[in-house]
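**Student:** What follows is the file start-v4.pdb, containing PDB, C-alpha atoms:
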```pdb
ATOM      1  CA  MET D   1      34.318  21.049  58.659
ATOM      2  CA  PRO D   2      30.728  22.177  58.633
ATOM      3  CA  HIS D   3      28.154  19.592  59.425
ATOM      4  CA  THR D   4      26.116  18.678  56.394
ATOM      5  CA  SER D   5      22.470  18.180  57.213
ATOM      6  CA  HIS D   6      20.264  15.899  55.225
ATOM      7  CA  PRO D   7      16.531  16.439  54.904
ATOM      8  CA  SER D   8      14.779  14.074  57.218
ATOM      9  CA  ARG D   9      12.580  11.472  55.589
ATOM     10  CA  PRO D  10       8.966  11.426  56.628
ATOM     11  CA  LYS D  11       8.197   8.582  58.946
ATOM     12  CA  ARG D  12       6.291   5.806  57.302
ATOM     13  CA  GLN D  13       2.921   5.441  58.893
ATOM     14  CA  THR D  14       2.031   1.944  59.929
ATOM     15  CA  GLN D  15      -1.490   0.813  59.290
ATOM     16  CA  LYS D  16      -3.304  -1.125  61.921
ATOM     17  CA  ARG D  17      -4.523  -4.533  60.781
ATOM     18  CA  THR D  18      -7.811  -5.738  62.150
ATOM     19  CA  GLN D  19      -9.382  -9.183  61.916
ATOM     20  CA  VAL D  20     -13.095  -9.864  61.899
ATOM     21  CA  THR D  21     -14.534 -13.380  61.615
ATOM     22  CA  ASP D  22     -17.903 -13.808  59.917
ATOM     23  CA  ASP D  23     -20.522 -16.517  60.309
ATOM     24  CA  ASP D  24     -19.306 -18.433  57.257
ATOM     25  CA  GLY D  25     -15.907 -19.293  58.686
ATOM     26  CA  TRP D  26     -13.788 -16.546  57.162
ATOM     27  CA  THR D  27     -11.542 -14.113  58.993
ATOM     28  CA  HIS D  28     -11.330 -10.789  57.167
ATOM     29  CA  VAL D  29      -8.049  -8.907  57.564
ATOM     30  CA  ALA D  30      -8.404  -5.172  56.963
ATOM     31  CA  SER D  31      -5.489  -2.832  56.324
ATOM     32  CA  GLY D  32      -5.861   0.652  54.924
ATOM     33  CA  GLY D  33      -9.365  -0.025  53.657
ATOM     34  CA  ASN D  34      -8.512  -3.240  51.841
ATOM     35  CA  VAL D  35      -9.987  -6.538  52.935
ATOM     36  CA  ARG D  36      -8.648 -10.022  52.359
ATOM     37  CA  ARG D  37      -9.859 -13.231  53.917
ATOM     38  CA  VAL D  38      -8.346 -16.368  55.382
ATOM     39  CA  MET D  39     -10.065 -19.501  56.596
ATOM     40  CA  ARG D  40     -10.461 -19.643  60.339
ATOM     41  CA  THR D  41      -9.274 -22.773  62.104
ATOM     42  CA  ARG D  42     -11.765 -23.056  64.930
ATOM     43  CA  PRO D  43     -14.344 -25.825  64.462
ATOM     44  CA  ARG D  44     -17.786 -25.278  63.030
ATOM     45  CA  GLY D  45     -20.619 -24.470  65.351
ATOM     46  CA  THR D  46     -18.491 -22.566  67.901
ATOM     47  CA  THR D  47     -18.457 -18.857  68.598
ATOM     48  CA  THR D  48     -15.661 -16.608  69.770
ATOM     49  CA  ILE D  49     -17.712 -15.402  72.747
ATOM     50  CA  LYS D  50     -20.886 -17.094  73.844
ATOM     51  CA  GLU D  51     -23.767 -14.667  74.036
ATOM     52  CA  SER D  52     -24.887 -16.149  77.371
ATOM     53  CA  GLU D  53     -21.414 -15.628  78.858
ATOM     54  CA  ALA D  54     -21.344 -12.034  77.671
ATOM     55  CA  GLY D  55     -24.768 -11.367  79.146
ATOM     56  CA  ILE D  56     -26.094 -10.166  75.779
ATOM     57  CA  SER D  57     -29.306 -11.359  74.200
ATOM     58  CA  SER D  58     -29.547 -12.069  70.492
ATOM     59  CA  ASP D  59     -32.073  -9.237  70.190
ATOM     60  CA  GLN D  60     -29.544  -6.773  71.586
ATOM     61  CA  ILE D  61     -26.703  -7.691  69.243
ATOM     62  CA  GLU D  62     -28.728  -8.115  66.042
ATOM     63  CA  PRO D  63     -27.287  -5.667  63.479
ATOM     64  CA  THR D  64     -29.390  -3.254  61.501
ATOM     65  CA  LEU D  65     -29.385  -4.497  57.917
ATOM     66  CA  THR D  66     -28.764  -1.921  55.216
ATOM     67  CA  PRO D  67     -27.871  -2.230  51.497
ATOM     68  CA  ALA D  68     -24.449  -3.812  51.027
ATOM     69  CA  GLU D  69     -21.465  -1.728  49.923
ATOM     70  CA  ALA D  70     -20.500  -2.628  46.357
ATOM     71  CA  PRO D  71     -16.977  -1.837  45.094
ATOM     72  CA  GLY D  72     -17.043   1.599  43.512
ATOM     73  CA  ARG D  73     -15.831   0.495  40.080
ATOM     74  CA  LEU D  74     -18.005  -2.611  39.766
ATOM     75  CA  THR D  75     -20.422  -2.419  36.833
ATOM     76  CA  LEU D  76     -23.517  -4.463  36.061
ATOM     77  CA  SER D  77     -21.835  -6.155  33.103
ATOM     78  CA  GLU D  78     -18.893  -7.184  35.306
ATOM     79  CA  LEU D  79     -21.260  -8.490  37.965
ATOM     80  CA  GLN D  80     -23.173 -10.466  35.327
ATOM     81  CA  ALA D  81     -19.897 -11.976  34.112
ATOM     82  CA  GLN D  82     -19.033 -12.984  37.682
ATOM     83  CA  PHE D  83     -22.465 -14.534  38.098
ATOM     84  CA  GLN D  84     -22.130 -16.504  34.861
ATOM     85  CA  THR D  85     -18.787 -17.927  36.008
ATOM     86  CA  HIS D  86     -20.307 -19.030  39.308
ATOM     87  CA  ARG D  87     -23.336 -20.498  37.553
ATOM     88  CA  GLU D  88     -21.157 -22.570  35.221
ATOM     89  CA  ARG D  89     -19.240 -23.969  38.194
ATOM     90  CA  TRP D  90     -22.491 -24.707  40.037
ATOM     91  CA  GLU D  91     -24.176 -26.423  37.089
ATOM     92  CA  GLY D  92     -21.032 -28.462  36.440
ATOM     93  CA  SER D  93     -20.972 -29.769  40.014
ATOM     94  CA  GLU D  94     -22.147 -33.080  41.445
ATOM     95  CA  SER D  95     -24.296 -31.079  43.879
ATOM     96  CA  TRP D  96     -26.452 -29.684  41.064
ATOM     97  CA  ASN D  97     -26.365 -32.915  39.082
ATOM     98  CA  LYS D  98     -27.886 -34.807  42.028
ATOM     99  CA  LEU D  99     -30.280 -32.028  43.045
ATOM    100  CA  THR D 100     -31.679 -31.552  39.547
ATOM    101  CA  SER D 101     -32.386 -35.280  39.308
ATOM    102  CA  VAL D 102     -34.304 -35.353  42.596
ATOM    103  CA  LEU D 103     -36.125 -32.113  41.781
ATOM    104  CA  ASP D 104     -37.107 -33.409  38.360
ATOM    105  CA  GLU D 105     -38.576 -36.532  39.925
ATOM    106  CA  ARG D 106     -40.630 -34.518  42.408
ATOM    107  CA  LEU D 107     -41.855 -32.042  39.784
ATOM    108  CA  ARG D 108     -42.905 -34.717  37.301
ATOM    109  CA  LYS D 109     -44.718 -36.652  39.976
ATOM    110  CA  ALA D 110     -46.571 -33.478  40.977
ATOM    111  CA  GLN D 111     -47.348 -32.713  37.341
ATOM    112  CA  GLU D 112     -48.836 -36.177  36.877
ATOM    113  CA  GLN D 113     -50.937 -35.712  40.013
ATOM    114  CA  ALA D 114     -52.132 -32.314  38.795
ATOM    115  CA  SER D 115     -53.137 -33.802  35.424
ATOM    116  CA  SER D 116     -55.004 -36.570  37.202
ATOM    117  CA  ASP D 117     -56.808 -33.998  39.347
ATOM    118  CA  VAL D 118     -57.819 -32.039  36.238
ATOM    119  CA  ALA D 119     -59.255 -35.173  34.622
ATOM    120  CA  SER D 120     -61.110 -36.026  37.815
ATOM    121  CA  SER D 121     -62.439 -32.488  38.080
ATOM    122  CA  SER D 122     -63.756 -32.598  34.507
ATOM    123  CA  SER D 123     -65.531 -35.900  35.061
ATOM    124  CA  ASN D 124     -67.154 -34.690  38.262
ATOM    125  CA  GLN D 125     -69.037 -31.691  36.919
ATOM    126  CA  SER D 126     -72.202 -30.831  38.736
ATOM    127  CA  SER D 127     -75.537 -31.693  37.160
ATOM    128  CA  ASP D 128     -75.989 -28.134  35.904
ATOM    129  CA  GLY D 129     -72.777 -28.411  33.844
ATOM    130  CA  VAL D 130     -70.690 -26.094  36.021
ATOM    131  CA  PRO D 131     -67.209 -27.594  36.461
ATOM    132  CA  SER D 132     -65.800 -28.030  39.936
ATOM    133  CA  ALA D 133     -62.805 -26.005  41.090
ATOM    134  CA  PRO D 134     -59.671 -26.552  38.968
ATOM    135  CA  ALA D 135     -56.795 -28.530  40.412
ATOM    136  CA  ARG D 136     -54.081 -26.392  41.938
ATOM    137  CA  CYS D 137     -50.689 -25.984  40.290
ATOM    138  CA  PRO D 138     -48.048 -27.673  42.490
ATOM    139  CA  VAL D 139     -45.664 -24.702  42.082
ATOM    140  CA  ASP D 140     -46.823 -21.278  40.942
ATOM    141  CA  ALA D 141     -44.123 -19.151  42.604
ATOM    142  CA  ILE D 142     -40.640 -19.302  44.096
ATOM    143  CA  VAL D 143     -39.889 -16.975  47.006
ATOM    144  CA  CYS D 144     -36.267 -16.379  47.996
ATOM    145  CA  ILE D 145     -35.481 -15.135  51.507
ATOM    146  CA  GLY D 146     -32.045 -14.162  52.834
ATOM    147  CA  LEU D 147     -29.903 -14.521  49.718
ATOM    148  CA  GLY D 148     -27.454 -11.815  50.731
ATOM    149  CA  SER D 149     -25.738  -9.430  48.335
ATOM    150  CA  PRO D 150     -24.036 -10.861  45.228
ATOM    151  CA  SER D 151     -22.092  -7.625  44.760
ATOM    152  CA  GLY D 152     -21.313  -5.991  48.095
ATOM    153  CA  PHE D 153     -19.715  -6.244  51.514
ATOM    154  CA  LEU D 154     -21.960  -6.483  54.565
ATOM    155  CA  ARG D 155     -21.751  -4.832  57.990
ATOM    156  CA  ASP D 156     -19.960  -1.663  56.907
ATOM    157  CA  GLY D 157     -17.563  -3.428  54.573
ATOM    158  CA  TRP D 158     -16.283  -6.125  56.931
ATOM    159  CA  VAL D 159     -18.011  -9.298  55.777
ATOM    160  CA  ASP D 160     -17.433 -10.657  52.282
ATOM    161  CA  ARG D 161     -20.164 -13.178  51.388
ATOM    162  CA  ARG D 162     -20.263 -12.336  47.692
ATOM    163  CA  ALA D 163     -19.096 -15.747  46.467
ATOM    164  CA  VAL D 164     -21.625 -17.491  48.737
ATOM    165  CA  SER D 165     -24.448 -15.282  47.462
ATOM    166  CA  LEU D 166     -23.408 -15.709  43.821
ATOM    167  CA  TYR D 167     -23.389 -19.506  44.111
ATOM    168  CA  GLN D 168     -26.729 -19.494  45.919
ATOM    169  CA  LEU D 169     -28.162 -17.171  43.283
ATOM    170  CA  ALA D 170     -26.853 -19.564  40.621
ATOM    171  CA  ALA D 171     -28.747 -22.375  42.373
ATOM    172  CA  LEU D 172     -31.901 -20.248  42.467
ATOM    173  CA  ALA D 173     -31.614 -19.412  38.752
ATOM    174  CA  SER D 174     -31.044 -23.074  37.841
ATOM    175  CA  ILE D 175     -34.008 -24.211  39.935
ATOM    176  CA  LYS D 176     -36.178 -21.438  38.499
ATOM    177  CA  ASP D 177     -35.454 -22.529  34.936
ATOM    178  CA  GLN D 178     -36.082 -26.190  35.738
ATOM    179  CA  VAL D 179     -39.408 -25.530  37.492
ATOM    180  CA  ALA D 180     -40.540 -23.173  34.714
ATOM    181  CA  SER D 181     -39.751 -25.682  31.964
ATOM    182  CA  THR D 182     -41.384 -28.585  33.804
ATOM    183  CA  ILE D 183     -44.403 -27.038  35.520
ATOM    184  CA  SER D 184     -45.270 -23.533  34.338
ATOM    185  CA  SER D 185     -43.775 -20.975  31.988
ATOM    186  CA  ASN D 186     -45.660 -18.294  33.976
ATOM    187  CA  LEU D 187     -43.704 -19.008  37.140
ATOM    188  CA  LYS D 188     -43.235 -15.963  39.377
ATOM    189  CA  VAL D 189     -39.972 -15.592  41.293
ATOM    190  CA  TYR D 190     -39.496 -13.121  44.147
ATOM    191  CA  ALA D 191     -36.473 -12.238  46.280
ATOM    192  CA  GLN D 192     -36.412 -10.301  49.540
ATOM    193  CA  ASP D 193     -33.365  -9.153  51.491
ATOM    194  CA  PRO D 194     -32.692  -5.710  53.012
ATOM    195  CA  VAL D 195     -29.018  -5.900  51.985
ATOM    196  CA  PHE D 196     -29.766  -5.785  48.249
ATOM    197  CA  ASN D 197     -28.216  -2.730  46.609
ATOM    198  CA  THR D 198     -28.994  -1.223  43.197
ATOM    199  CA  LEU D 199     -26.506  -3.516  41.408
ATOM    200  CA  ASP D 200     -28.041  -6.585  43.031
ATOM    201  CA  GLU D 201     -31.525  -5.476  42.038
ATOM    202  CA  ALA D 202     -30.411  -4.923  38.435
ATOM    203  CA  LEU D 203     -28.797  -8.379  38.298
ATOM    204  CA  LEU D 204     -31.935 -10.018  39.703
ATOM    205  CA  ALA D 205     -34.161  -8.115  37.289
ATOM    206  CA  ALA D 206     -32.055  -9.383  34.370
ATOM    207  CA  LEU D 207     -32.767 -12.925  35.637
ATOM    208  CA  ASN D 208     -36.531 -12.206  35.771
ATOM    209  CA  ILE D 209     -36.517 -12.229  39.564
ATOM    210  CA  THR D 210     -38.670  -9.561  41.196
ATOM    211  CA  VAL D 211     -37.194  -7.828  44.244
ATOM    212  CA  ILE D 212     -39.743  -7.176  46.993
ATOM    213  CA  LYS D 213     -39.451  -5.357  50.288
ATOM    214  CA  HIS D 214     -39.961  -6.719  53.779
ATOM    215  CA  PRO D 215     -42.464  -8.018  54.795
ATOM    216  CA  GLU D 216     -44.097  -8.531  51.378
ATOM    217  CA  ALA D 217     -42.550 -11.989  50.913
ATOM    218  CA  PHE D 218     -44.646 -13.400  53.727
ATOM    219  CA  SER D 219     -47.849 -12.722  51.787
ATOM    220  CA  HIS D 220     -46.544 -14.732  48.790
ATOM    221  CA  ILE D 221     -46.017 -18.005  50.689
ATOM    222  CA  THR D 222     -48.753 -20.563  50.044
ATOM    223  CA  ALA D 223     -49.014 -24.327  49.697
ATOM    224  CA  ASN D 224     -48.139 -23.827  45.998
ATOM    225  CA  THR D 225     -44.868 -22.027  46.745
ATOM    226  CA  MET D 226     -41.297 -23.181  46.573
ATOM    227  CA  LEU D 227     -39.412 -21.465  49.385
ATOM    228  CA  PHE D 228     -35.727 -20.857  48.612
ATOM    229  CA  CYS D 229     -34.072 -19.898  51.886
ATOM    230  CA  PRO D 230     -30.376 -20.813  52.171
ATOM    231  CA  GLY D 231     -29.766 -17.775  54.393
ATOM    232  CA  ALA D 232     -33.095 -17.254  56.165
ATOM    233  CA  GLU D 233     -33.020 -16.819  59.922
ATOM    234  CA  ARG D 234     -34.853 -19.237  62.186
ATOM    235  CA  LYS D 235     -37.276 -16.557  63.421
ATOM    236  CA  HIS D 236     -38.347 -15.913  59.810
ATOM    237  CA  LEU D 237     -38.735 -19.605  59.040
ATOM    238  CA  GLU D 238     -41.016 -19.975  62.045
ATOM    239  CA  LEU D 239     -43.316 -17.412  60.424
ATOM    240  CA  LEU D 240     -43.038 -18.843  56.888
ATOM    241  CA  LEU D 241     -43.400 -22.569  57.426
ATOM    242  CA  PRO D 242     -46.954 -22.568  58.856
ATOM    243  CA  SER D 243     -48.034 -21.762  55.253
ATOM    244  CA  ASN D 244     -46.751 -25.258  54.349
ATOM    245  CA  PRO D 245     -44.851 -24.485  51.116
ATOM    246  CA  TRP D 246     -44.779 -27.575  48.920
ATOM    247  CA  LEU D 247     -41.040 -27.322  48.230
ATOM    248  CA  LEU D 248     -38.276 -25.796  50.335
ATOM    249  CA  PHE D 249     -34.569 -25.464  49.633
ATOM    250  CA  GLY D 250     -32.330 -24.582  52.571
ATOM    251  CA  GLY D 251     -31.775 -25.732  56.104
ATOM    252  CA  PRO D 252     -30.855 -27.998  57.630
ATOM    253  CA  LEU D 253     -34.041 -27.896  59.687
ATOM    254  CA  GLU D 254     -33.741 -31.231  61.495
ATOM    255  CA  HIS D 255     -33.531 -31.212  65.294
ATOM    256  CA  ALA D 256     -33.864 -27.430  65.380
ATOM    257  CA  ASP D 257     -36.588 -27.386  68.020
ATOM    258  CA  ALA D 258     -38.207 -30.641  69.072
ATOM    259  CA  GLY D 259     -41.951 -30.179  68.904
ATOM    260  CA  GLY D 260     -41.616 -26.721  67.360
ATOM    261  CA  VAL D 261     -42.568 -25.221  64.002
ATOM    262  CA  LEU D 262     -39.406 -26.286  62.162
ATOM    263  CA  GLN D 263     -39.479 -29.868  63.381
ATOM    264  CA  GLY D 264     -43.209 -30.032  62.658
ATOM    265  CA  TYR D 265     -42.521 -29.120  59.031
ATOM    266  CA  VAL D 266     -39.724 -31.680  58.792
ATOM    267  CA  ASP D 267     -41.942 -34.415  60.231
ATOM    268  CA  GLY D 268     -44.413 -33.935  57.373
ATOM    269  CA  ALA D 269     -41.853 -33.680  54.585
ATOM    270  CA  GLY D 270     -39.472 -35.833  52.603
ATOM    271  CA  SER D 271     -35.977 -34.494  51.974
ATOM    272  CA  TYR D 272     -32.724 -34.937  50.091
ATOM    273  CA  CYS D 273     -29.341 -33.699  51.382
ATOM    274  CA  LEU D 274     -26.989 -32.207  48.785
ATOM    275  CA  PRO D 275     -23.531 -33.694  48.302
ATOM    276  CA  VAL D 276     -20.676 -31.433  49.362
ATOM    277  CA  PHE D 277     -20.229 -28.546  46.917
ATOM    278  CA  GLU D 278     -16.507 -28.728  46.291
ATOM    279  CA  ALA D 279     -16.072 -25.235  44.848
ATOM    280  CA  LEU D 280     -17.210 -23.543  48.081
ATOM    281  CA  GLU D 281     -18.283 -26.024  50.711
ATOM    282  CA  HIS D 282     -20.018 -23.657  53.115
ATOM    283  CA  ALA D 283     -22.212 -22.114  50.400
ATOM    284  CA  PHE D 284     -24.540 -25.148  50.681
ATOM    285  CA  TRP D 285     -23.372 -26.753  53.921
ATOM    286  CA  ASN D 286     -25.786 -29.597  54.843
ATOM    287  CA  MET D 287     -28.624 -27.996  52.852
ATOM    288  CA  ARG D 288     -31.570 -30.036  51.686
ATOM    289  CA  LEU D 289     -34.469 -30.060  49.286
ATOM    290  CA  TYR D 290     -37.676 -30.671  51.248
ATOM    291  CA  TRP D 291     -41.069 -31.557  49.815
ATOM    292  CA  ALA D 292     -44.490 -32.059  51.369
ATOM    293  CA  GLU D 293     -45.378 -35.723  51.432
ATOM    294  CA  GLU D 294     -48.605 -36.830  49.824
ATOM    295  CA  VAL D 295     -50.987 -38.994  51.830
ATOM    296  CA  GLY D 296     -49.741 -42.575  51.703
ATOM    297  CA  GLU D 297     -46.350 -41.554  50.244
ATOM    298  CA  GLU D 298     -43.211 -42.924  51.790
TER
END
```
Once more with this new file: its structure as structure tokens, please.
**Tutor:**
Amino acid sequence: MPHTSHPSRPKRQTQKRTQVTDDDGWTHVASGGNVRRVMRTRPRGTTTIKESEAGISSDQIEPTLTPAEAPGRLTLSELQAQFQTHRERWEGSESWNKLTSVLDERLRKAQEQASSDVASSSSNQSSDGVPSAPARCPVDAIVCIGLGSPSGFLRDGWVDRRAVSLYQLAALASIKDQVASTISSNLKVYAQDPVFNTLDEALLAALNITVIKHPEAFSHITANTMLFCPGAERKHLELLLPSNPWLLFGGPLEHADAGGVLQGYVDGAGSYCLPVFEALEHAFWNMRLYWAEEVGEE
């Protein structure tokens, strides 16, 4: 009986699965170009390999930051819908409810002080009728540093921080609206991050946030600035804080470097620590609102 041969089936190719853990506590599992994420179990504040043990300096391993890779089919309208969902969750949280109350108190107190300064300035005109310099506005700009990309993956598609960036952008938008309605309708808001892509820039523009390129943000920081920096690196903060911005959202800055720039800023500021943000805890982990203390203020 002749042997009947059957066509051999092509061998199924197995795809290698790779895990990469990012700084926010997520391990990203890649298979065939798709990425999912699972929460890592190692405790906060630890690293897989200590840089000192590997003999590598932080300067050597610092990645080159380029625009994030957005999913090919993602549109601006879809990104705006995602942002709106995140903003509704943020503004419905205890974290925002508490923060907005503290921020409102600080803004109104500053507004009252500014009004008092204006009245004092008007009553102290020089003898020739020329008024003295007008009182400064307590907040005339918000500068955002290190937001990350609301739409794309970082580091060649490995790190997914989109939810973190969307929640932090929601916080920025909420704070922007509150400051504008309380202090100044002409408030300027700037955002700087080399990972912004064209979708991110379009989303920010729709929120009346101006994207600027490094190092332009540094020239916008004054004593009248609110610095929004949930993702700013320490080396950048050390350059920004000597300008003594009146308000700062980010951190935590405490005990960063005893006697250094960060601790010096903290020593001259009051602060409020946000409650845990239940929707995504590490999006605002231990972050604070800081404000410059007035003379005699406790």
**Student:** May I ask which of the residues D:Pro138, D:Pro215, D:Pro194, D:Gly146 is the closest one to Thr66 (chain D), counting only C-alpha atoms?
**Tutor:**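 Of all the options, D:Pro194 lies closest to Thr66 (chain D).
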**Student:** What's around region 243-250 of chain D at 9 Å? Count only C-alpha atoms, leave out sequence neighbours fewer than 2 positions away in its own chain, and write the answer as a compact mmCIF listing (two decimals) with C-alpha atoms, in the coordinates of the input.
**Tutor:**
```txt
# COMPACT_ATOMS: atom_id res chain seq x y z
CA PRO D 138 -48.05 -27.67 42.49
CA VAL D 139 -45.66 -24.70 42.08
CA ILE D 221 -46.02 -18.00 50.69
CA THR D 222 -48.75 -20.56 50.04
CA ALA D 223 -49.01 -24.33 49.70
CA ASN D 224 -48.14 -23.83 46.00
CA THR D 225 -44.87 -22.03 46.74
CA MET D 226 -41.30 -23.18 46.57
CA LEU D 227 -39.41 -21.46 49.38
CA PHE D 228 -35.73 -20.86 48.61
CA CYS D 229 -34.07 -19.90 51.89
CA PRO D 230 -30.38 -20.81 52.17
CA GLY D 231 -29.77 -17.77 54.39
CA ALA D 232 -33.10 -17.25 56.16
CA LEU D 239 -43.32 -17.41 60.42
CA LEU D 240 -43.04 -18.84 56.89
CA LEU D 241 -43.40 -22.57 57.43
CA PRO D 252 -30.86 -28.00 57.63
CA LEU D 253 -34.04 -27.90 59.69
CA TYR D 265 -42.52 -29.12 59.03
CA ALA D 269 -41.85 -33.68 54.58
CA PHE D 284 -24.54 -25.15 50.68
CA ASN D 286 -25.79 -29.60 54.84
CA MET D 287 -28.62 -28.00 52.85
CA ARG D 288 -31.57 -30.04 51.69
CA LEU D 289 -34.47 -30.06 49.29
CA TYR D 290 -37.68 -30.67 51.25
CA TRP D 291 -41.07 -31.56 49.82
CA ALA D 292 -44.49 -32.06 51.37
CA GLU D 293 -45.38 -35.72 51.43
```
**Student:** Could you check how far CA of Gln113 (chain D) sits from CA of Leu237 (chain D), in Å to one decimal?
**Tutor:**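 These two atoms are separated by 27.8 Å.
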**Student:** From the set D:Ala68, D:Val276, D:Ala283, D:Leu204, which residue has the shortest atom-to-atom contact distance to Lys98 (chain D), counting all atoms listed in the file?
**Tutor:**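 Checking each of D:Ala68, D:Val276, D:Ala283, D:Leu204 against Lys98 (chain D), counting all atoms listed in the file, the winner is D:Val276.
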**Student:** CA of Arg106 (chain D) to CA of Ile209 (chain D): how many Å, to one decimal?
**Tutor:** 22.8 Å
**Student:** Which of these residues is nearest to Arg155 (chain D), using all atoms listed in the file: D:Leu65, D:Ala70, D:Leu99, D:Cys273?
**Tutor:**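 Looking only at the distances to Arg155 (chain D), the closest residue turns out to be D:Leu65.
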**Student:** One decimal, Å: what's the distance from CA of Ala110 (chain D) over to CA of Ser181 (chain D), could you say?
**Tutor:** 13.7 Å
